[in-house]
file my_file18.cif (mmCIF, C-alpha atoms)
data_model
loop_
_atom_site.label_atom_id
_atom_site.label_comp_id
_atom_site.auth_asym_id
_atom_site.auth_seq_id
_atom_site.Cartn_x
_atom_site.Cartn_y
_atom_site.Cartn_z
CA MET M 1 -39.30 -14.20 -56.60
CA LYS M 2 -37.61 -10.79 -56.41
CA TYR M 3 -39.12 -7.43 -57.37
CA GLN M 4 -42.49 -7.83 -55.73
CA ASN M 5 -44.23 -6.21 -52.77
CA MET M 6 -46.46 -8.33 -50.55
CA LEU M 7 -49.54 -6.28 -49.70
CA THR M 8 -52.52 -6.83 -47.42
CA ASN M 9 -55.47 -9.15 -48.19
CA GLY M 10 -53.31 -11.45 -50.33
CA LYS M 11 -52.51 -8.75 -52.88
CA VAL M 12 -49.08 -8.53 -54.47
CA GLN M 13 -47.44 -5.77 -56.48
CA CYS M 14 -45.14 -6.58 -59.39
CA CYS M 15 -42.13 -4.25 -59.48
CA ILE M 16 -40.44 -5.38 -62.69
CA CYS M 17 -41.76 -2.57 -64.90
CA PRO M 18 -43.17 0.94 -64.43
CA ARG M 19 -46.75 -0.34 -64.50
CA LYS M 20 -46.30 -1.76 -60.98
CA CYS M 21 -49.46 -3.87 -61.32
CA VAL M 22 -51.27 -4.62 -58.06
CA LEU M 23 -52.76 -8.10 -58.34
CA ASP M 24 -55.46 -9.89 -56.41
CA GLU M 25 -55.21 -13.63 -55.82
CA GLY M 26 -55.34 -15.40 -59.21
CA GLN M 27 -55.00 -12.17 -61.18
CA SER M 28 -52.40 -11.63 -63.92
CA GLY M 29 -50.71 -8.34 -64.72
CA PHE M 30 -50.98 -6.20 -67.84
CA CYS M 31 -48.43 -8.54 -69.44
CA HIS M 32 -50.68 -11.61 -68.87
CA VAL M 33 -47.79 -13.81 -67.72
CA ARG M 34 -46.89 -12.57 -64.23
CA LYS M 35 -49.57 -13.80 -61.85
CA ASN M 36 -50.51 -13.69 -58.16
CA VAL M 37 -50.62 -17.30 -56.96
CA ALA M 38 -51.39 -17.69 -53.24
CA GLY M 39 -50.13 -14.18 -52.48
CA GLU M 40 -46.86 -14.52 -54.36
CA LEU M 41 -45.84 -13.38 -57.83
CA THR M 42 -45.12 -16.21 -60.27
CA LEU M 43 -43.91 -16.26 -63.87
CA GLN M 44 -46.34 -18.47 -65.76
CA THR M 45 -44.12 -18.82 -68.85
CA TYR M 46 -40.92 -19.96 -67.13
CA GLY M 47 -39.41 -22.77 -69.22
CA TYR M 48 -41.91 -22.37 -72.07
CA ASN M 49 -41.34 -20.67 -75.40
CA THR M 50 -43.20 -20.09 -78.64
CA GLY M 51 -40.42 -21.41 -80.85
CA LEU M 52 -36.69 -21.53 -81.40
CA ALA M 53 -35.03 -20.24 -84.57
CA ILE M 54 -31.49 -19.68 -85.79
CA ASP M 55 -31.08 -16.25 -87.36
CA PRO M 56 -28.24 -14.09 -88.61
CA ILE M 57 -27.39 -11.56 -85.92
CA GLU M 58 -28.33 -8.75 -88.33
CA LYS M 59 -32.00 -9.75 -88.05
CA LYS M 60 -32.27 -8.59 -84.42
CA PRO M 61 -31.21 -5.98 -85.76
CA LEU M 62 -27.60 -5.79 -84.60
CA TYR M 63 -25.19 -4.59 -87.28
CA GLN M 64 -22.09 -4.00 -85.17
CA PHE M 65 -22.06 -7.05 -82.94
CA TYR M 66 -20.19 -10.00 -84.45
CA PRO M 67 -21.58 -9.54 -87.99
CA THR M 68 -23.07 -12.59 -89.77
CA SER M 69 -22.71 -14.79 -86.69
CA PRO M 70 -25.61 -17.23 -86.03
CA ILE M 71 -27.88 -16.53 -83.08
CA LEU M 72 -30.45 -18.78 -81.42
CA SER M 73 -33.65 -16.78 -80.87
CA PHE M 74 -36.58 -17.51 -78.60
CA GLY M 75 -39.46 -15.78 -76.84
CA THR M 76 -42.62 -16.53 -74.88
CA LEU M 77 -46.12 -15.05 -74.68
CA GLY M 78 -47.27 -11.64 -73.48
CA CYS M 79 -45.85 -8.12 -73.30
CA ASN M 80 -45.83 -5.18 -70.89
CA MET M 81 -46.37 -2.69 -73.72
CA GLY M 82 -49.73 -1.92 -75.31
CA CYS M 83 -48.55 -1.00 -78.81
CA ARG M 84 -51.43 -0.56 -81.23
CA PHE M 85 -49.00 -1.20 -84.09
CA CYS M 86 -47.45 -4.40 -82.71
CA GLN M 87 -45.80 -6.47 -85.46
CA ASN M 88 -45.69 -9.64 -83.28
CA TRP M 89 -49.20 -9.39 -81.82
CA GLN M 90 -49.96 -13.08 -82.39
CA THR M 91 -47.66 -13.88 -79.47
CA THR M 92 -47.42 -10.64 -77.49
CA LYS M 93 -51.21 -10.23 -77.27
CA ASN M 94 -51.97 -13.96 -77.08
CA LYS M 95 -54.07 -14.84 -74.02
CA SER M 96 -53.66 -18.60 -74.41
CA ASP M 97 -52.48 -20.85 -71.60
CA CYS M 98 -49.00 -19.54 -70.79
CA GLN M 99 -47.71 -23.11 -70.65
CA SER M 100 -49.01 -24.08 -74.08
CA GLY M 101 -45.65 -23.49 -75.76
CA ASN M 102 -42.58 -25.65 -76.15
CA LYS M 103 -41.06 -26.71 -72.86
CA THR M 104 -37.38 -25.79 -72.98
CA SER M 105 -35.26 -25.31 -69.88
CA PRO M 106 -32.33 -22.87 -69.78
CA GLN M 107 -30.02 -25.90 -69.85
CA GLU M 108 -31.68 -27.18 -73.02
CA ILE M 109 -31.36 -23.79 -74.69
CA ILE M 110 -27.61 -23.84 -74.01
CA ARG M 111 -27.35 -27.36 -75.43
CA ILE M 112 -29.21 -26.38 -78.62
CA ALA M 113 -27.06 -23.28 -79.08
CA GLN M 114 -23.92 -25.37 -78.71
CA ASN M 115 -25.16 -28.10 -81.06
CA TYR M 116 -25.81 -25.55 -83.81
CA ASN M 117 -22.66 -23.51 -83.19
CA CYS M 118 -24.61 -20.37 -82.28
CA LYS M 119 -22.37 -17.62 -80.97
CA SER M 120 -25.27 -15.95 -79.16
CA VAL M 121 -28.73 -16.49 -77.69
CA ALA M 122 -31.40 -13.82 -78.23
CA PHE M 123 -34.34 -13.10 -75.95
CA THR M 124 -36.73 -11.74 -78.55
CA TYR M 125 -40.13 -12.04 -80.32
CA ASN M 126 -41.71 -10.70 -77.13
CA ASP M 127 -40.04 -8.63 -74.43
CA PRO M 128 -37.64 -10.49 -72.10
CA ILE M 129 -38.48 -7.99 -69.38
CA ILE M 130 -41.69 -9.91 -68.70
CA PHE M 131 -40.01 -13.34 -68.75
CA TYR M 132 -37.27 -11.82 -66.63
CA GLU M 133 -36.40 -14.84 -64.48
CA TYR M 134 -36.36 -17.26 -67.43
CA ALA M 135 -34.14 -14.90 -69.44
CA LEU M 136 -31.87 -14.17 -66.48
CA ASP M 137 -31.27 -17.85 -65.62
CA THR M 138 -30.56 -18.58 -69.29
CA ALA M 139 -28.19 -15.61 -69.53
CA LYS M 140 -26.21 -16.78 -66.50
CA LEU M 141 -25.75 -20.22 -68.06
CA CYS M 142 -24.79 -18.64 -71.37
CA ARG M 143 -22.05 -16.66 -69.69
CA GLU M 144 -20.75 -19.78 -67.93
CA ASN M 145 -20.58 -21.56 -71.29
CA GLY M 146 -19.03 -18.79 -73.39
CA ILE M 147 -22.21 -17.94 -75.28
CA LYS M 148 -23.13 -14.28 -75.86
CA THR M 149 -26.55 -12.94 -74.84
CA VAL M 150 -28.78 -10.47 -76.68
CA ALA M 151 -31.92 -8.71 -75.41
CA VAL M 152 -34.40 -7.30 -77.93
CA THR M 153 -36.52 -5.07 -75.74
CA SER M 154 -38.70 -2.01 -75.37
CA GLY M 155 -36.62 -0.98 -72.36
CA TYR M 156 -39.75 -0.53 -70.23
CA ILE M 157 -38.24 -1.73 -66.96
CA ASN M 158 -37.71 -0.32 -63.48
CA PRO M 159 -34.17 0.76 -62.47
CA GLU M 160 -33.45 -1.96 -59.89
CA PRO M 161 -34.26 -5.00 -62.05
CA ALA M 162 -32.48 -3.27 -64.94
CA LYS M 163 -29.29 -3.19 -62.85
CA GLU M 164 -29.43 -6.96 -62.48
CA PHE M 165 -30.57 -7.74 -66.02
CA PHE M 166 -28.47 -5.68 -68.43
CA PRO M 167 -25.01 -6.38 -66.98
CA LEU M 168 -25.69 -10.00 -67.98
CA MET M 169 -26.46 -8.98 -71.57
CA ASP M 170 -23.64 -8.71 -74.09
CA ALA M 171 -25.83 -6.72 -76.48
CA ALA M 172 -29.27 -5.15 -76.62
CA ASN M 173 -31.41 -3.67 -79.31
CA ILE M 174 -33.75 -1.26 -77.56
CA ASP M 175 -36.88 0.06 -79.28
CA LEU M 176 -37.20 3.81 -79.05
CA LYS M 177 -40.69 3.75 -80.50
CA GLY M 178 -41.17 7.47 -80.96
CA PHE M 179 -39.76 10.58 -79.40
CA SER M 180 -42.76 12.05 -77.60
CA GLU M 181 -44.74 11.32 -74.46
CA GLU M 182 -47.93 11.75 -76.45
CA PHE M 183 -46.92 9.03 -78.91
CA TYR M 184 -46.09 6.59 -76.11
CA ARG M 185 -49.28 7.34 -74.18
CA LYS M 186 -51.57 7.15 -77.21
CA ASN M 187 -50.00 4.28 -79.15
CA CYS M 188 -48.14 2.20 -76.54
CA LEU M 189 -50.21 2.80 -73.36
CA ALA M 190 -46.90 3.64 -71.73
CA HIS M 191 -44.51 6.51 -71.02
CA LEU M 192 -41.35 7.69 -72.76
CA GLN M 193 -39.12 8.67 -69.84
CA PRO M 194 -38.58 5.16 -68.39
CA VAL M 195 -37.38 4.02 -71.81
CA LEU M 196 -34.93 6.93 -72.05
CA ASP M 197 -33.70 6.16 -68.54
CA THR M 198 -33.06 2.53 -69.53
CA ILE M 199 -31.21 3.50 -72.71
CA GLU M 200 -29.03 5.96 -70.82
CA TYR M 201 -28.24 3.48 -68.05
CA VAL M 202 -27.39 0.55 -70.34
CA SER M 203 -25.30 2.70 -72.69
CA ASN M 204 -23.33 4.56 -70.05
CA GLU M 205 -23.10 2.23 -67.05
CA THR M 206 -22.78 -1.30 -68.44
CA ASP M 207 -20.56 -3.11 -70.93
CA CYS M 208 -23.61 -4.14 -72.94
CA HIS M 209 -23.38 -3.16 -76.62
CA VAL M 210 -26.45 -1.05 -77.48
CA GLU M 211 -28.20 -0.44 -80.79
CA LEU M 212 -31.52 1.41 -81.11
CA THR M 213 -34.48 0.89 -83.43
CA THR M 214 -37.28 3.29 -84.30
CA MET M 215 -40.09 1.95 -86.46
CA LEU M 216 -41.54 4.87 -88.40
CA ILE M 217 -45.32 5.16 -88.80
CA GLU M 218 -46.28 7.89 -91.21
CA GLY M 219 -48.36 10.59 -89.53
CA GLU M 220 -47.50 9.32 -86.03
CA ASN M 221 -43.77 9.50 -85.31
CA ASP M 222 -42.09 10.45 -88.59
CA ASN M 223 -42.16 14.24 -88.51
CA GLU M 224 -38.83 15.98 -88.89
CA ASP M 225 -38.88 17.72 -85.50
CA MET M 226 -39.53 14.46 -83.66
CA ILE M 227 -36.73 12.63 -85.46
CA LYS M 228 -34.35 15.56 -84.96
CA GLY M 229 -35.31 15.66 -81.27
CA GLU M 230 -34.54 11.96 -80.93
CA CYS M 231 -31.15 12.36 -82.59
CA ASP M 232 -30.27 15.39 -80.44
CA TRP M 233 -31.19 13.43 -77.29
CA ILE M 234 -29.02 10.50 -78.38
CA LEU M 235 -26.07 12.80 -79.07
CA LYS M 236 -26.41 14.56 -75.73
CA HIS M 237 -27.02 11.54 -73.50
CA ILE M 238 -25.23 8.57 -75.07
CA GLY M 239 -22.99 9.98 -77.82
CA ASP M 240 -22.66 9.80 -81.57
CA GLU M 241 -21.56 6.16 -81.93
CA VAL M 242 -24.70 4.26 -80.96
CA PRO M 243 -26.11 2.54 -84.09
CA LEU M 244 -29.63 3.73 -84.94
CA HIS M 245 -31.96 1.70 -87.17
CA PHE M 246 -35.05 3.14 -88.83
CA SER M 247 -37.49 0.39 -89.82
CA ALA M 248 -40.75 0.34 -91.77
CA PHE M 249 -44.20 -0.22 -90.29
CA PHE M 250 -46.60 -2.66 -91.94
CA PRO M 251 -50.36 -2.54 -91.16
CA ASN M 252 -51.03 -4.85 -88.23
CA TYR M 253 -52.99 -5.40 -85.05
CA LYS M 254 -54.99 -2.22 -84.26
CA MET M 255 -53.38 -0.12 -87.01
CA ARG M 256 -54.57 -2.02 -90.06
CA ASN M 257 -56.02 1.22 -91.43
CA LYS M 258 -52.55 2.79 -91.70
CA ASN M 259 -50.42 2.59 -94.82
CA SER M 260 -47.10 0.79 -94.90
CA THR M 261 -44.11 3.07 -94.49
CA ASN M 262 -42.60 4.32 -97.73
CA PHE M 263 -38.88 3.85 -98.25
CA SER M 264 -38.63 7.61 -98.86
CA THR M 265 -39.72 8.15 -95.23
CA LEU M 266 -36.88 5.95 -93.99
CA ILE M 267 -34.40 7.76 -96.25
CA LYS M 268 -35.54 11.12 -94.90
CA ALA M 269 -35.01 9.96 -91.31
CA TYR M 270 -31.66 8.39 -92.27
CA ASN M 271 -30.46 11.71 -93.69
CA ILE M 272 -31.70 13.69 -90.67
CA ALA M 273 -29.77 11.39 -88.33
CA ARG M 274 -26.60 11.48 -90.42
CA ASN M 275 -26.77 15.27 -90.72
CA ALA M 276 -27.32 15.54 -86.96
CA GLY M 277 -23.96 13.85 -86.44
CA LEU M 278 -24.77 10.19 -85.70
CA LYS M 279 -21.97 8.03 -87.10
CA TYR M 280 -23.86 4.76 -87.64
CA VAL M 281 -27.35 4.96 -89.12
CA TYR M 282 -29.29 2.26 -90.96
CA THR M 283 -32.61 1.50 -92.58
CA GLY M 284 -34.06 -1.92 -91.92
CA ASN M 285 -36.69 -4.22 -93.48
CA LEU M 286 -36.85 -1.76 -96.39
CA THR M 287 -33.31 -1.13 -97.42
CA ASN M 288 -30.61 -0.77 -100.02
CA THR M 289 -26.87 -1.26 -100.00
CA GLU M 290 -26.13 2.37 -99.18
CA THR M 291 -28.38 2.55 -96.11
CA SER M 292 -27.60 -0.89 -94.72
CA SER M 293 -23.81 -0.51 -94.92
CA THR M 294 -21.45 0.67 -92.18
CA TYR M 295 -19.10 3.57 -92.86
CA CYS M 296 -15.89 4.52 -91.09
CA LYS M 297 -16.52 7.41 -88.73
CA ASN M 298 -13.14 8.91 -89.70
CA CYS M 299 -12.53 8.41 -93.44
CA ALA M 300 -16.18 7.65 -94.44
CA ASN M 301 -15.20 4.62 -96.53
CA PRO M 302 -17.61 1.65 -96.42
CA ILE M 303 -16.22 -0.85 -93.93
CA ILE M 304 -19.11 -3.35 -93.90
CA ILE M 305 -21.04 -3.46 -97.16
CA ARG M 306 -24.44 -5.13 -96.88
CA ASN M 307 -27.59 -5.63 -98.86
CA GLY M 308 -30.08 -5.97 -96.03
CA TYR M 309 -28.89 -8.92 -93.92
CA GLN M 310 -26.49 -10.16 -96.61
CA LEU M 311 -22.84 -9.22 -96.17
CA LEU M 312 -21.18 -8.29 -99.48
CA LYS M 313 -17.78 -7.01 -98.37
CA TYR M 314 -15.93 -6.72 -95.08
CA ASN M 315 -13.29 -4.00 -94.83
CA LEU M 316 -12.36 -4.41 -91.17
CA THR M 317 -9.14 -5.86 -89.87
CA GLN M 318 -8.98 -8.08 -86.79
CA GLY M 319 -10.66 -6.44 -83.81
CA GLY M 320 -12.81 -4.10 -85.88
CA TYR M 321 -10.36 -1.57 -87.35
CA CYS M 322 -10.96 0.23 -90.65
CA ALA M 323 -8.87 -1.34 -93.42
CA PHE M 324 -8.45 2.09 -95.04
CA CYS M 325 -7.36 4.34 -92.15
CA GLY M 326 -7.08 2.11 -89.10
CA THR M 327 -9.84 3.78 -87.06
CA LYS M 328 -11.70 1.52 -84.63
CA CYS M 329 -15.34 0.88 -85.49
CA ALA M 330 -17.72 1.00 -82.52
CA GLY M 331 -19.03 -2.45 -81.64
CA LYS M 332 -17.84 -6.00 -81.04
CA PHE M 333 -16.00 -7.91 -83.77
CA GLU M 334 -13.98 -11.08 -84.16
#
call {"tool": "encode", "arguments": {"input": "my_file18.cif", "output": "structure tokens"}}
result
Amino acid sequence: MKYQNMLTNGKVQCCICPRKCVLDEGQSGFCHVRKNVAGELTLQTYGYNTGLAIDPIEKKPLYQFYPTSPILSFGTLGCNMGCRFCQNWQTTKNKSDCQSGNKTSPQEIIRIAQNYNCKSVAFTYNDPIIFYEYALDTAKLCRENGIKTVAVTSGYINPEPAKEFFPLMDAANIDLKGFSEEFYRKNCLAHLQPVLDTIEYVSNETDCHVELTTMLIEGENDNEDMIKGECDWILKHIGDEVPLHFSAFFPNYKMRNKNSTNFSTLIKAYNIARNAGLKYVYTGNLTNTETSSTYCKNCANPIIIRNGYQLLKYNLTQGGYCAFCGTKCAGKFE
């Protein structure tokens, strides 16, 4: 297995993510699924998943990557983030036997995707960074068979494995969980800079289509300065055309004492981002037609009208050009 350092006394260091866990014989990393077996790193969840589902692509969320197309989604157990607000904690924080899930090889995933006419396969539910080898082998087969690949990820990965992983992804939704080191350290047991480095690399140095998501938690990462800082960073480092989704938090895991996010909080962030100059901004999981629709960056007419995940009207010509003024919409379209 790549991205490991063999150390003395049977220890091994995992080099997939910035945690760089040093593991004794039989010990698993922070993620629970990468384990030292006889002095070598092994992925305990390879070939096992916690369920397969066919979703609309908008659910990832990806709003500018082959809209309404069906996508086959799967994930495993564990995570390399320590988010106190995790919305999928039943799987990401699950310490069950890593091989207790459904056994599904990469070849079987391709077959299922083909049988159900799925345009894409999504590595999601938990972070594909920790089931790196399973995701990578599946992605290679997808590419050979004309199936698109999507990573839904926190972006908490080291530069070298990122350079192998993301060029094999056709699209990624990367969580930018909050725009401060303090927020990441306190609420995610992680650091902000590696995530920013990943976003910048994938956006600027690969052909992978990138969309970002920030889940707003009132009193934690929703203040105006933090949101404005995030938008300014995006504009400076990756440009004004990356789609940005603001989603609502619901009390979960170790933040059950927090209130659910009000829609007004999402609207405030939406307006800050639009006023900052970002061309494609959305609200997710609490939404309305106005804030889930796509607007032409040139003439400002609605070019994809949605109500949440439901497409109401499509004003793009073939290849993704505005039907009103002919301007190309950022993204990938039929």
call {"tool": "residues_around", "arguments": {"input": "my_file18.cif", "residues": "range 187-199 of chain M", "least_positions_apart": "2", "cutoff": "9 Å", "atoms": "only C-alpha atoms", "output": "VMD selection string"}}
result
chain M and resid 18 to 19 80 to 85 154 to 159 162 174 to 185 201 to 204 210 212 220 238
call {"tool": "write_last_selection", "arguments": {"input": "my_file18.cif", "atoms": "C-alpha atoms", "output": "PDB file, in the frame of the given file"}}
result
ATOM      1  CA  PRO M  18     -43.170   0.940 -64.430  1.00  0.00           C
ATOM      2  CA  ARG M  19     -46.750  -0.340 -64.500  1.00  0.00           C
ATOM      3  CA  ASN M  80     -45.830  -5.180 -70.890  1.00  0.00           C
ATOM      4  CA  MET M  81     -46.370  -2.690 -73.720  1.00  0.00           C
ATOM      5  CA  GLY M  82     -49.730  -1.920 -75.310  1.00  0.00           C
ATOM      6  CA  CYS M  83     -48.550  -1.000 -78.810  1.00  0.00           C
ATOM      7  CA  ARG M  84     -51.430  -0.560 -81.230  1.00  0.00           C
ATOM      8  CA  PHE M  85     -49.000  -1.200 -84.090  1.00  0.00           C
ATOM      9  CA  SER M 154     -38.700  -2.010 -75.370  1.00  0.00           C
ATOM     10  CA  GLY M 155     -36.620  -0.980 -72.360  1.00  0.00           C
ATOM     11  CA  TYR M 156     -39.750  -0.530 -70.230  1.00  0.00           C
ATOM     12  CA  ILE M 157     -38.240  -1.730 -66.960  1.00  0.00           C
ATOM     13  CA  ASN M 158     -37.710  -0.320 -63.480  1.00  0.00           C
ATOM     14  CA  PRO M 159     -34.170   0.760 -62.470  1.00  0.00           C
ATOM     15  CA  ALA M 162     -32.480  -3.270 -64.940  1.00  0.00           C
ATOM     16  CA  ILE M 174     -33.750  -1.260 -77.560  1.00  0.00           C
ATOM     17  CA  ASP M 175     -36.880   0.060 -79.280  1.00  0.00           C
ATOM     18  CA  LEU M 176     -37.200   3.810 -79.050  1.00  0.00           C
ATOM     19  CA  LYS M 177     -40.690   3.750 -80.500  1.00  0.00           C
ATOM     20  CA  GLY M 178     -41.170   7.470 -80.960  1.00  0.00           C
ATOM     21  CA  PHE M 179     -39.760  10.580 -79.400  1.00  0.00           C
ATOM     22  CA  SER M 180     -42.760  12.050 -77.600  1.00  0.00           C
ATOM     23  CA  GLU M 181     -44.740  11.320 -74.460  1.00  0.00           C
ATOM     24  CA  GLU M 182     -47.930  11.750 -76.450  1.00  0.00           C
ATOM     25  CA  PHE M 183     -46.920   9.030 -78.910  1.00  0.00           C
ATOM     26  CA  TYR M 184     -46.090   6.590 -76.110  1.00  0.00           C
ATOM     27  CA  ARG M 185     -49.280   7.340 -74.180  1.00  0.00           C
ATOM     28  CA  TYR M 201     -28.240   3.480 -68.050  1.00  0.00           C
ATOM     29  CA  VAL M 202     -27.390   0.550 -70.340  1.00  0.00           C
ATOM     30  CA  SER M 203     -25.300   2.700 -72.690  1.00  0.00           C
ATOM     31  CA  ASN M 204     -23.330   4.560 -70.050  1.00  0.00           C
ATOM     32  CA  VAL M 210     -26.450  -1.050 -77.480  1.00  0.00           C
ATOM     33  CA  LEU M 212     -31.520   1.410 -81.110  1.00  0.00           C
ATOM     34  CA  GLU M 220     -47.500   9.320 -86.030  1.00  0.00           C
ATOM     35  CA  ILE M 238     -25.230   8.570 -75.070  1.00  0.00           C
TER      36      ILE M 238
END
call {"tool": "atom_distance", "arguments": {"input": "my_file18.cif", "atom1": "CA of Leu52 in chain M", "atom2": "CA of Thr206 in chain M"}}
result
27.8 Å
call {"tool": "residues_near_point", "arguments": {"input": "my_file18.cif", "point": "(-28.2, -23.4, -78.0)", "cutoff": "12 Å", "atoms": "only C-alpha atoms", "output": "PyMOL selection string"}}
result
chain M and resi 52-54+70-74+104-122+138-139+141-142+145-149
call {"tool": "atom_distance", "arguments": {"input": "my_file18.cif", "atom1": "CA of Lys279 in chain M", "atom2": "CA of Ile234 in chain M"}}
result
11.5 Å
call {"tool": "atom_distance", "arguments": {"input": "my_file18.cif", "atom1": "CA of Cys14 in chain M", "atom2": "CA of Asn49 in chain M"}}
result
21.7 Å
call {"tool": "residues_around", "arguments": {"input": "my_file18.cif", "residues": "Lys11 in chain M", "least_positions_apart": "2", "cutoff": "6 Å", "atoms": "all atoms listed in the file", "output": "MDAnalysis selection string"}}
result
chainID M and resid 7:9 23:24 39
call {"tool": "closest_residue", "arguments": {"input": "my_file18.cif", "among": "M:Leu278, M:Leu311, M:Val150, M:Leu77", "to": "Glu241 in chain M", "atoms": "all atoms listed in the file"}}
result
M:Leu278
call {"tool": "resolve_selection", "arguments": {"input": "my_file18.cif", "expression": "the PyMOL selection byres ((chain M and resi 285) around 7)", "output": "VMD selection string"}}
result
chain M and resid 247 to 248 284 286 to 287
call {"tool": "axis_aligned_box", "arguments": {"input": "my_file18.cif", "around": "range 31-34 of chain M", "padding_each_side": "8 Å", "output": "JSON"}}
result
{"center_x": -48.8, "center_y": -11.2, "center_z": -66.8, "size_x": 19.8, "size_y": 21.3, "size_z": 21.2}
call {"tool": "closest_residue", "arguments": {"input": "my_file18.cif", "among": "M:Gly320, M:Val242, M:Ile57, M:Glu160", "to": "Gln4 in chain M", "atoms": "all atoms listed in the file"}}
result
M:Glu160
call {"tool": "residues_around", "arguments": {"input": "my_file18.cif", "residues": "Asn271 in chain M", "least_positions_apart": "6", "cutoff": "10 Å", "atoms": "only C-alpha atoms", "output": "PyMOL selection string"}}
result
chain M and resi 277-278+281-282+291
call {"tool": "residues_around", "arguments": {"input": "my_file18.cif", "residues": "Ala38 in chain M", "least_positions_apart": "4", "cutoff": "8 Å", "atoms": "all atoms listed in the file", "output": "ChimeraX atom specification"}}
result
/M:10,25-26
call {"tool": "write_last_selection", "arguments": {"input": "my_file18.cif", "atoms": "C-alpha atoms", "output": "PDB file, in the frame of the given file"}}
result
ATOM      1  CA  GLY M  10     -53.310 -11.450 -50.330  1.00  0.00           C
ATOM      2  CA  GLU M  25     -55.210 -13.630 -55.820  1.00  0.00           C
ATOM      3  CA  GLY M  26     -55.340 -15.400 -59.210  1.00  0.00           C
TER       4      GLY M  26
END
call {"tool": "residues_near_point", "arguments": {"input": "my_file18.cif", "point": "(-54.8, -19.4, -72.2)", "cutoff": "12 Å", "atoms": "all atoms listed in the file", "output": "ChimeraX atom specification"}}
result
/M:28,32-33,44-45,77-78,91,93-101
call {"tool": "closest_residue", "arguments": {"input": "my_file18.cif", "among": "M:His245, M:Pro167, M:Pro128, M:Lys313", "to": "Lys140 in chain M", "atoms": "all atoms listed in the file"}}
result
M:Pro167
call {"tool": "resolve_selection", "arguments": {"input": "my_file18.cif", "expression": "the PyMOL selection byres ((chain M and resi 276) around 10)", "output": "VMD selection string"}}
result
chain M and resid 227 to 229 231 to 232 235 240 270 to 275 277 to 279
call {"tool": "build_atoms", "arguments": {"input": "my_file18.cif", "residues": "range 131-141 of chain M", "atoms": "N, CA, C and O atoms", "output": "PDB file, in the frame of the given file"}}
result
ATOM      1  N   PHE M 131     -40.437 -11.989 -69.161  1.00  0.00           N
ATOM      2  CA  PHE M 131     -40.010 -13.340 -68.750  1.00  0.00           C
ATOM      3  C   PHE M 131     -38.620 -13.242 -68.114  1.00  0.00           C
ATOM      4  O   PHE M 131     -37.736 -14.053 -68.319  1.00  0.00           O
ATOM      5  N   TYR M 132     -38.514 -12.248 -67.276  1.00  0.00           N
ATOM      6  CA  TYR M 132     -37.270 -11.820 -66.630  1.00  0.00           C
ATOM      7  C   TYR M 132     -36.474 -12.984 -66.035  1.00  0.00           C
ATOM      8  O   TYR M 132     -35.295 -13.166 -66.320  1.00  0.00           O
ATOM      9  N   GLU M 133     -37.117 -13.778 -65.198  1.00  0.00           N
ATOM     10  CA  GLU M 133     -36.400 -14.840 -64.480  1.00  0.00           C
ATOM     11  C   GLU M 133     -35.909 -15.928 -65.441  1.00  0.00           C
ATOM     12  O   GLU M 133     -34.799 -16.456 -65.283  1.00  0.00           O
ATOM     13  N   TYR M 134     -36.726 -16.275 -66.412  1.00  0.00           N
ATOM     14  CA  TYR M 134     -36.360 -17.260 -67.430  1.00  0.00           C
ATOM     15  C   TYR M 134     -35.176 -16.752 -68.249  1.00  0.00           C
ATOM     16  O   TYR M 134     -34.203 -17.476 -68.488  1.00  0.00           O
ATOM     17  N   ALA M 135     -35.241 -15.498 -68.665  1.00  0.00           N
ATOM     18  CA  ALA M 135     -34.140 -14.900 -69.440  1.00  0.00           C
ATOM     19  C   ALA M 135     -32.879 -14.790 -68.600  1.00  0.00           C
ATOM     20  O   ALA M 135     -31.773 -15.093 -69.074  1.00  0.00           O
ATOM     21  N   LEU M 136     -33.032 -14.381 -67.344  1.00  0.00           N
ATOM     22  CA  LEU M 136     -31.870 -14.170 -66.480  1.00  0.00           C
ATOM     23  C   LEU M 136     -31.146 -15.490 -66.204  1.00  0.00           C
ATOM     24  O   LEU M 136     -29.919 -15.565 -66.285  1.00  0.00           O
ATOM     25  N   ASP M 137     -31.893 -16.540 -65.885  1.00  0.00           N
ATOM     26  CA  ASP M 137     -31.270 -17.850 -65.620  1.00  0.00           C
ATOM     27  C   ASP M 137     -30.569 -18.371 -66.873  1.00  0.00           C
ATOM     28  O   ASP M 137     -29.478 -18.956 -66.788  1.00  0.00           O
ATOM     29  N   THR M 138     -31.184 -18.159 -68.035  1.00  0.00           N
ATOM     30  CA  THR M 138     -30.560 -18.580 -69.290  1.00  0.00           C
ATOM     31  C   THR M 138     -29.297 -17.772 -69.558  1.00  0.00           C
ATOM     32  O   THR M 138     -28.267 -18.322 -69.977  1.00  0.00           O
ATOM     33  N   ALA M 139     -29.352 -16.478 -69.303  1.00  0.00           N
ATOM     34  CA  ALA M 139     -28.190 -15.610 -69.530  1.00  0.00           C
ATOM     35  C   ALA M 139     -27.011 -16.011 -68.647  1.00  0.00           C
ATOM     36  O   ALA M 139     -25.854 -15.993 -69.101  1.00  0.00           O
ATOM     37  N   LYS M 140     -27.291 -16.361 -67.412  1.00  0.00           N
ATOM     38  CA  LYS M 140     -26.210 -16.780 -66.500  1.00  0.00           C
ATOM     39  C   LYS M 140     -25.529 -18.038 -67.014  1.00  0.00           C
ATOM     40  O   LYS M 140     -24.293 -18.149 -66.992  1.00  0.00           O
ATOM     41  N   LEU M 141     -26.321 -18.990 -67.501  1.00  0.00           N
ATOM     42  CA  LEU M 141     -25.750 -20.220 -68.060  1.00  0.00           C
ATOM     43  C   LEU M 141     -24.985 -19.942 -69.343  1.00  0.00           C
ATOM     44  O   LEU M 141     -23.946 -20.552 -69.603  1.00  0.00           O
TER      45      LEU M 141
END
